[in-house]
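Asker: Dropping in query-v8.txt, which is compact mmCIF, C-alpha atoms:
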# COMPACT_ATOMS: atom_id res chain seq x y z
CA MET M 1 71.14 -58.93 0.04
CA TRP M 2 73.27 -59.76 -2.99
CA VAL M 3 76.03 -57.31 -3.98
CA PRO M 4 76.82 -57.22 -7.71
CA ALA M 5 80.19 -55.75 -8.70
CA ILE M 6 81.70 -54.83 -12.07
CA ALA M 7 85.33 -55.78 -11.38
CA ASP M 8 87.00 -53.74 -14.09
CA GLY M 9 88.82 -51.20 -11.91
CA VAL M 10 86.88 -48.42 -13.67
CA HIS M 11 83.33 -48.74 -12.35
CA ILE M 12 84.58 -49.69 -8.88
CA HIS M 13 88.06 -48.92 -7.55
CA PRO M 14 90.06 -52.04 -6.54
CA LEU M 15 90.11 -50.95 -2.86
CA VAL M 16 86.32 -50.78 -2.87
CA LEU M 17 86.18 -54.20 -4.55
CA GLU M 18 88.15 -55.59 -1.60
CA LEU M 19 85.73 -53.93 0.83
CA VAL M 20 82.82 -55.50 -1.08
CA ARG M 21 84.51 -58.90 -0.95
CA ARG M 22 85.11 -58.67 2.79
CA ALA M 23 81.70 -57.25 3.70
CA ALA M 24 79.52 -59.32 1.35
CA GLY M 25 81.45 -62.60 1.34
CA ARG M 26 79.49 -65.19 -0.64
CA ARG M 27 76.82 -62.57 -1.42
CA ALA M 28 79.30 -60.72 -3.69
CA LEU M 29 78.52 -61.35 -7.37
CA LEU M 30 80.67 -60.67 -10.40
CA VAL M 31 78.67 -59.05 -13.19
CA THR M 32 79.38 -57.10 -16.35
CA ASP M 33 77.61 -54.48 -18.38
CA ALA M 34 79.65 -55.27 -21.49
CA THR M 35 78.86 -53.14 -24.51
CA PRO M 36 79.32 -53.66 -28.26
CA ALA M 37 82.81 -52.14 -27.78
CA THR M 38 83.87 -55.30 -25.92
CA ASP M 39 86.60 -57.13 -27.84
CA SER M 40 85.72 -55.22 -30.99
CA PRO M 41 88.20 -53.69 -33.44
CA PRO M 42 89.40 -50.17 -32.59
CA GLY M 43 86.96 -47.44 -33.46
CA ARG M 44 83.50 -46.29 -32.58
CA GLN M 45 80.48 -48.53 -32.13
CA ARG M 46 76.77 -47.76 -31.80
CA MET M 47 74.76 -48.67 -28.73
CA ALA M 48 71.18 -47.54 -28.08
CA GLY M 49 71.64 -44.59 -30.41
CA LEU M 50 74.93 -43.50 -28.83
CA GLU M 51 78.41 -43.56 -30.28
CA ILE M 52 80.78 -45.36 -27.93
CA GLU M 53 84.40 -46.39 -28.04
CA ALA M 54 86.62 -48.62 -25.91
CA VAL M 55 88.94 -46.34 -23.94
CA GLY M 56 91.08 -47.54 -21.04
CA GLY M 57 89.07 -50.69 -20.32
CA ALA M 58 85.67 -49.02 -20.51
CA ALA M 59 83.17 -47.87 -23.11
CA ARG M 60 82.90 -44.11 -23.32
CA THR M 61 80.95 -41.60 -25.40
CA PRO M 62 82.90 -39.07 -27.50
CA ASP M 63 82.79 -36.56 -24.61
CA GLY M 64 84.36 -39.14 -22.24
CA THR M 65 81.22 -40.12 -20.33
CA LEU M 66 81.27 -43.70 -19.05
CA ALA M 67 78.74 -45.68 -21.11
CA GLY M 68 79.46 -49.22 -19.91
CA SER M 69 82.27 -51.69 -19.72
CA THR M 70 84.33 -53.81 -22.05
CA LEU M 71 84.57 -56.45 -19.35
CA THR M 72 83.95 -60.12 -20.10
CA LEU M 73 83.01 -62.37 -17.19
CA ASP M 74 86.19 -64.44 -17.42
CA ARG M 75 88.23 -61.22 -17.24
CA ALA M 76 86.13 -60.14 -14.22
CA LEU M 77 87.03 -63.43 -12.56
CA ARG M 78 90.76 -62.82 -13.11
CA ASN M 79 90.44 -59.18 -12.02
CA TRP M 80 88.66 -60.21 -8.82
CA THR M 81 91.63 -62.38 -7.81
CA ALA M 82 94.20 -59.78 -8.95
CA MET M 83 92.52 -56.71 -7.43
CA THR M 84 91.37 -58.31 -4.16
CA GLU M 85 92.50 -61.04 -1.81
CA ALA M 86 89.92 -63.45 -3.29
CA THR M 87 90.98 -66.97 -4.12
CA LEU M 88 90.19 -68.48 -7.51
CA ALA M 89 87.52 -70.64 -5.83
CA GLU M 90 85.86 -67.52 -4.37
CA ALA M 91 85.98 -65.80 -7.75
CA LEU M 92 84.46 -68.82 -9.50
CA TYR M 93 81.62 -68.80 -6.97
CA ALA M 94 81.07 -65.04 -7.43
CA ALA M 95 80.96 -65.44 -11.22
CA GLY M 96 78.88 -68.61 -11.45
CA GLU M 97 77.16 -70.24 -8.50
CA GLY M 98 76.45 -66.97 -6.70
CA PRO M 99 74.55 -65.36 -9.61
CA ARG M 100 72.70 -68.65 -10.20
CA ALA M 101 71.62 -68.72 -6.56
CA ALA M 102 70.67 -65.03 -6.59
CA ALA M 103 68.47 -65.57 -9.64
CA ARG M 104 67.03 -68.73 -8.02
CA LEU M 105 67.81 -70.80 -11.10
CA PRO M 106 68.10 -74.57 -10.93
CA THR M 107 71.59 -76.01 -10.89
CA ALA M 108 72.89 -76.01 -14.45
CA ALA M 109 74.62 -78.98 -16.08
CA ASP M 110 76.77 -76.76 -18.30
CA LEU M 111 80.47 -76.53 -17.41
CA VAL M 112 83.23 -74.00 -17.91
CA GLU M 113 86.77 -75.33 -17.54
CA VAL M 114 89.30 -72.73 -16.43
CA ASP M 115 93.01 -73.08 -15.76
CA GLY M 116 94.75 -72.06 -12.53
CA ASP M 117 94.76 -68.41 -13.65
CA GLY M 118 91.04 -68.33 -14.40
CA VAL M 119 91.46 -68.42 -18.19
CA VAL M 120 88.63 -70.25 -19.94
CA ARG M 121 89.93 -73.42 -21.61
CA ARG M 122 86.70 -74.97 -22.86
CA VAL M 123 82.95 -74.94 -22.36
CA MET M 124 80.44 -77.79 -22.13
CA ARG M 125 76.85 -77.03 -23.02
CA ARG M 126 74.11 -79.60 -22.57
CA GLY M 127 76.73 -82.30 -22.07
CA ALA M 128 78.79 -81.60 -25.23
CA TRP M 129 82.08 -79.70 -25.45
CA LEU M 130 81.80 -76.66 -27.73
CA ALA M 131 84.33 -76.03 -30.46
Before we go any further, please render this structure as structure tokens.

Answerer:
Amino acid sequence: MWVPAIADGVHIHPLVLELVRRAAGRRALLVTDATPATDSPPGRQRMAGLEIEAVGGAARTPDGTLAGSTLTLDRALRNWTAMTEATLAEALYAAGEGPRAAARLPTAADLVEVDGDGVVRRVMRRGAWLA
């Protein structure tokens, strides 16, 4: 069984993320349910007929109901290492190879280069570096 986790500290508390990491090991997957509020200018956005706004690292409706995240996958990778005892290598697996294996996709030739902190430096798609 694969165990997807939204590592934003809102959907799942950091202590529970560590429990997931320990219990699931290489079956733990980093995922996101990022909304239109992700990395958008301050203010309200529309999603599926709802008004949402980025508040405290999550997307919320005007009444405060959680409507999704503002989490990008590279941020999830950094959060996983900051909020748990995961190494960067474990986080990279949980964000890339693990989901690929869970979806039973063939090995991809695309590359994402990250620095030692997990910050994306550049991306190669179909053998060419993207601008």

Asker: Give me the residues near M:Leu66 as a PDB file with C-alpha atoms, in the frame of the given file, where near means some atom within 12 Å (using all atoms listed in the file) and where sequence neighbours in that chain fewer than 2 positions away do not count.

Answerer:
ATOM      1  CA  VAL M  10      86.880 -48.420 -13.670  1.00  0.00           C
ATOM      2  CA  HIS M  11      83.330 -48.740 -12.350  1.00  0.00           C
ATOM      3  CA  ASP M  33      77.610 -54.480 -18.380  1.00  0.00           C
ATOM      4  CA  ALA M  34      79.650 -55.270 -21.490  1.00  0.00           C
ATOM      5  CA  THR M  35      78.860 -53.140 -24.510  1.00  0.00           C
ATOM      6  CA  LEU M  50      74.930 -43.500 -28.830  1.00  0.00           C
ATOM      7  CA  GLU M  51      78.410 -43.560 -30.280  1.00  0.00           C
ATOM      8  CA  ILE M  52      80.780 -45.360 -27.930  1.00  0.00           C
ATOM      9  CA  GLU M  53      84.400 -46.390 -28.040  1.00  0.00           C
ATOM     10  CA  ALA M  54      86.620 -48.620 -25.910  1.00  0.00           C
ATOM     11  CA  VAL M  55      88.940 -46.340 -23.940  1.00  0.00           C
ATOM     12  CA  GLY M  56      91.080 -47.540 -21.040  1.00  0.00           C
ATOM     13  CA  GLY M  57      89.070 -50.690 -20.320  1.00  0.00           C
ATOM     14  CA  ALA M  58      85.670 -49.020 -20.510  1.00  0.00           C
ATOM     15  CA  ALA M  59      83.170 -47.870 -23.110  1.00  0.00           C
ATOM     16  CA  ARG M  60      82.900 -44.110 -23.320  1.00  0.00           C
ATOM     17  CA  THR M  61      80.950 -41.600 -25.400  1.00  0.00           C
ATOM     18  CA  PRO M  62      82.900 -39.070 -27.500  1.00  0.00           C
ATOM     19  CA  ASP M  63      82.790 -36.560 -24.610  1.00  0.00           C
ATOM     20  CA  GLY M  64      84.360 -39.140 -22.240  1.00  0.00           C
ATOM     21  CA  GLY M  68      79.460 -49.220 -19.910  1.00  0.00           C
ATOM     22  CA  SER M  69      82.270 -51.690 -19.720  1.00  0.00           C
ATOM     23  CA  THR M  70      84.330 -53.810 -22.050  1.00  0.00           C
TER      24      THR M  70
END

Asker: Out of M:Ala24, M:Leu19, M:Val123, M:Leu30, which residue has the shortest atom-to-atom distance to M:Thr72 when counting only C-alpha atoms?

Answerer: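 Checking each of M:Ala24, M:Leu19, M:Val123, M:Leu30 against M:Thr72, counting only C-alpha atoms, the winner is M:Leu30.
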
Asker: Could you give me, as a Markdown table, every stretch 24-66 of chain M residue with an atom at most 7 Å from stretch 82-99 of chain M, plus its closest atom pair and distance in Å to one decimal, counting only C-alpha atoms, rows ordered by chain then number?

Answerer:
| residue | atom | partner | partner_atom | distance |
| --- | --- | --- | --- | --- |
| M:Arg26 | CA | M:Ala94 | CA | 7.0 |
| M:Arg27 | CA | M:Gly98 | CA | 6.9 |
| M:Ala28 | CA | M:Ala94 | CA | 6.0 |
| M:Leu29 | CA | M:Ala94 | CA | 4.5 |
| M:Leu30 | CA | M:Ala95 | CA | 4.8 |

Asker: Using atom CA of M:Arg44 and atom CA of M:Leu77 as the two end points, give the distance in Å to one decimal.

Answerer: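 Between these atoms lies a distance of 26.6 Å.
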
Asker: With a cut-off of 7 Å, could you pull out the residues of stretch 49-130 of chain M touching stretch 5-9 of chain M and give me the nearest pair of atoms for each, distance in Å to one decimal, using only C-alpha atoms, ordered by chain and ascending number, as a Markdown table?

Answerer:
| residue | atom | partner | partner_atom | distance |
| --- | --- | --- | --- | --- |
| M:Leu71 | CA | M:Asp8 | CA | 6.4 |
| M:Ala76 | CA | M:Ala7 | CA | 5.3 |
| M:Asn79 | CA | M:Ala7 | CA | 6.2 |
| M:Trp80 | CA | M:Ala7 | CA | 6.1 |

Asker: For the selection just defined, write its residues with C-alpha atoms to a file, as a short mmCIF file (atom, residue, chain, number, x, y, z; two decimals), keeping the file's coordinate frame.

Answerer:
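Result went into part-v1.cif, see below:
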data_model
loop_
_atom_site.label_atom_id
_atom_site.label_comp_id
_atom_site.auth_asym_id
_atom_site.auth_seq_id
_atom_site.Cartn_x
_atom_site.Cartn_y
_atom_site.Cartn_z
CA LEU M 71 84.57 -56.45 -19.35
CA ALA M 76 86.13 -60.14 -14.22
CA ASN M 79 90.44 -59.18 -12.02
CA TRP M 80 88.66 -60.21 -8.82
#

Asker: Give me, please, the distance in Å between atom CA of M:Trp2 and atom CA of M:Gly25, quoted to one decimal.

Answerer: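 Atom CA of M:Gly25 lies at a distance of 9.7 Å from atom CA of M:Trp2.
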
Asker: Could N, CA and C atoms be built for stretch 37-58 of chain M and written out as a PDB file, in the frame of the given file?

Answerer:
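Contents of the output file selection.pdb:
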ATOM      1  N   ALA M  37      81.376 -52.456 -27.661  1.00  0.00           N
ATOM      2  CA  ALA M  37      82.810 -52.140 -27.780  1.00  0.00           C
ATOM      3  C   ALA M  37      83.695 -53.242 -27.221  1.00  0.00           C
ATOM      4  N   THR M  38      83.107 -54.207 -26.524  1.00  0.00           N
ATOM      5  CA  THR M  38      83.870 -55.300 -25.920  1.00  0.00           C
ATOM      6  C   THR M  38      84.511 -56.164 -26.999  1.00  0.00           C
ATOM      7  N   ASP M  39      85.827 -56.297 -26.915  1.00  0.00           N
ATOM      8  CA  ASP M  39      86.600 -57.130 -27.840  1.00  0.00           C
ATOM      9  C   ASP M  39      86.328 -56.828 -29.313  1.00  0.00           C
ATOM     10  N   SER M  40      85.958 -55.602 -29.605  1.00  0.00           N
ATOM     11  CA  SER M  40      85.720 -55.220 -30.990  1.00  0.00           C
ATOM     12  C   SER M  40      86.967 -54.526 -31.544  1.00  0.00           C
ATOM     13  N   PRO M  41      87.058 -54.405 -32.868  1.00  0.00           N
ATOM     14  CA  PRO M  41      88.200 -53.690 -33.440  1.00  0.00           C
ATOM     15  C   PRO M  41      88.197 -52.231 -32.975  1.00  0.00           C
ATOM     16  N   PRO M  42      89.355 -51.580 -32.988  1.00  0.00           N
ATOM     17  CA  PRO M  42      89.400 -50.170 -32.590  1.00  0.00           C
ATOM     18  C   PRO M  42      88.431 -49.329 -33.413  1.00  0.00           C
ATOM     19  N   GLY M  43      87.892 -48.324 -32.780  1.00  0.00           N
ATOM     20  CA  GLY M  43      86.960 -47.440 -33.460  1.00  0.00           C
ATOM     21  C   GLY M  43      85.653 -47.342 -32.713  1.00  0.00           C
ATOM     22  N   ARG M  44      84.787 -46.548 -33.242  1.00  0.00           N
ATOM     23  CA  ARG M  44      83.500 -46.290 -32.580  1.00  0.00           C
ATOM     24  C   ARG M  44      82.458 -47.343 -32.950  1.00  0.00           C
ATOM     25  N   GLN M  45      81.598 -47.605 -31.976  1.00  0.00           N
ATOM     26  CA  GLN M  45      80.480 -48.530 -32.130  1.00  0.00           C
ATOM     27  C   GLN M  45      79.203 -47.771 -31.811  1.00  0.00           C
ATOM     28  N   ARG M  46      78.054 -48.374 -32.157  1.00  0.00           N
ATOM     29  CA  ARG M  46      76.770 -47.760 -31.800  1.00  0.00           C
ATOM     30  C   ARG M  46      76.089 -48.641 -30.754  1.00  0.00           C
ATOM     31  N   MET M  47      75.493 -47.969 -29.765  1.00  0.00           N
ATOM     32  CA  MET M  47      74.760 -48.670 -28.730  1.00  0.00           C
ATOM     33  C   MET M  47      73.593 -47.780 -28.295  1.00  0.00           C
ATOM     34  N   ALA M  48      72.377 -48.271 -28.495  1.00  0.00           N
ATOM     35  CA  ALA M  48      71.180 -47.540 -28.080  1.00  0.00           C
ATOM     36  C   ALA M  48      71.187 -46.102 -28.576  1.00  0.00           C
ATOM     37  N   GLY M  49      71.634 -45.918 -29.813  1.00  0.00           N
ATOM     38  CA  GLY M  49      71.640 -44.590 -30.410  1.00  0.00           C
ATOM     39  C   GLY M  49      72.841 -43.726 -30.041  1.00  0.00           C
ATOM     40  N   LEU M  50      73.744 -44.250 -29.220  1.00  0.00           N
ATOM     41  CA  LEU M  50      74.930 -43.500 -28.830  1.00  0.00           C
ATOM     42  C   LEU M  50      76.154 -44.024 -29.546  1.00  0.00           C
ATOM     43  N   GLU M  51      77.096 -43.138 -29.823  1.00  0.00           N
ATOM     44  CA  GLU M  51      78.410 -43.560 -30.280  1.00  0.00           C
ATOM     45  C   GLU M  51      79.244 -43.845 -29.051  1.00  0.00           C
ATOM     46  N   ILE M  52      79.897 -45.002 -29.031  1.00  0.00           N
ATOM     47  CA  ILE M  52      80.780 -45.360 -27.930  1.00  0.00           C
ATOM     48  C   ILE M  52      82.085 -45.888 -28.484  1.00  0.00           C
ATOM     49  N   GLU M  53      83.097 -45.877 -27.635  1.00  0.00           N
ATOM     50  CA  GLU M  53      84.400 -46.390 -28.040  1.00  0.00           C
ATOM     51  C   GLU M  53      85.095 -46.955 -26.808  1.00  0.00           C
ATOM     52  N   ALA M  54      85.852 -48.032 -27.004  1.00  0.00           N
ATOM     53  CA  ALA M  54      86.620 -48.620 -25.910  1.00  0.00           C
ATOM     54  C   ALA M  54      87.811 -47.711 -25.617  1.00  0.00           C
ATOM     55  N   VAL M  55      87.860 -47.225 -24.371  1.00  0.00           N
ATOM     56  CA  VAL M  55      88.940 -46.340 -23.940  1.00  0.00           C
ATOM     57  C   VAL M  55      89.342 -46.753 -22.531  1.00  0.00           C
ATOM     58  N   GLY M  56      90.574 -47.217 -22.369  1.00  0.00           N
ATOM     59  CA  GLY M  56      91.080 -47.540 -21.040  1.00  0.00           C
ATOM     60  C   GLY M  56      90.280 -48.588 -20.291  1.00  0.00           C
ATOM     61  N   GLY M  57      89.792 -49.602 -20.973  1.00  0.00           N
ATOM     62  CA  GLY M  57      89.070 -50.690 -20.320  1.00  0.00           C
ATOM     63  C   GLY M  57      87.601 -50.423 -20.085  1.00  0.00           C
ATOM     64  N   ALA M  58      87.082 -49.340 -20.663  1.00  0.00           N
ATOM     65  CA  ALA M  58      85.670 -49.020 -20.510  1.00  0.00           C
ATOM     66  C   ALA M  58      85.125 -48.500 -21.831  1.00  0.00           C
TER      67      ALA M  58
END
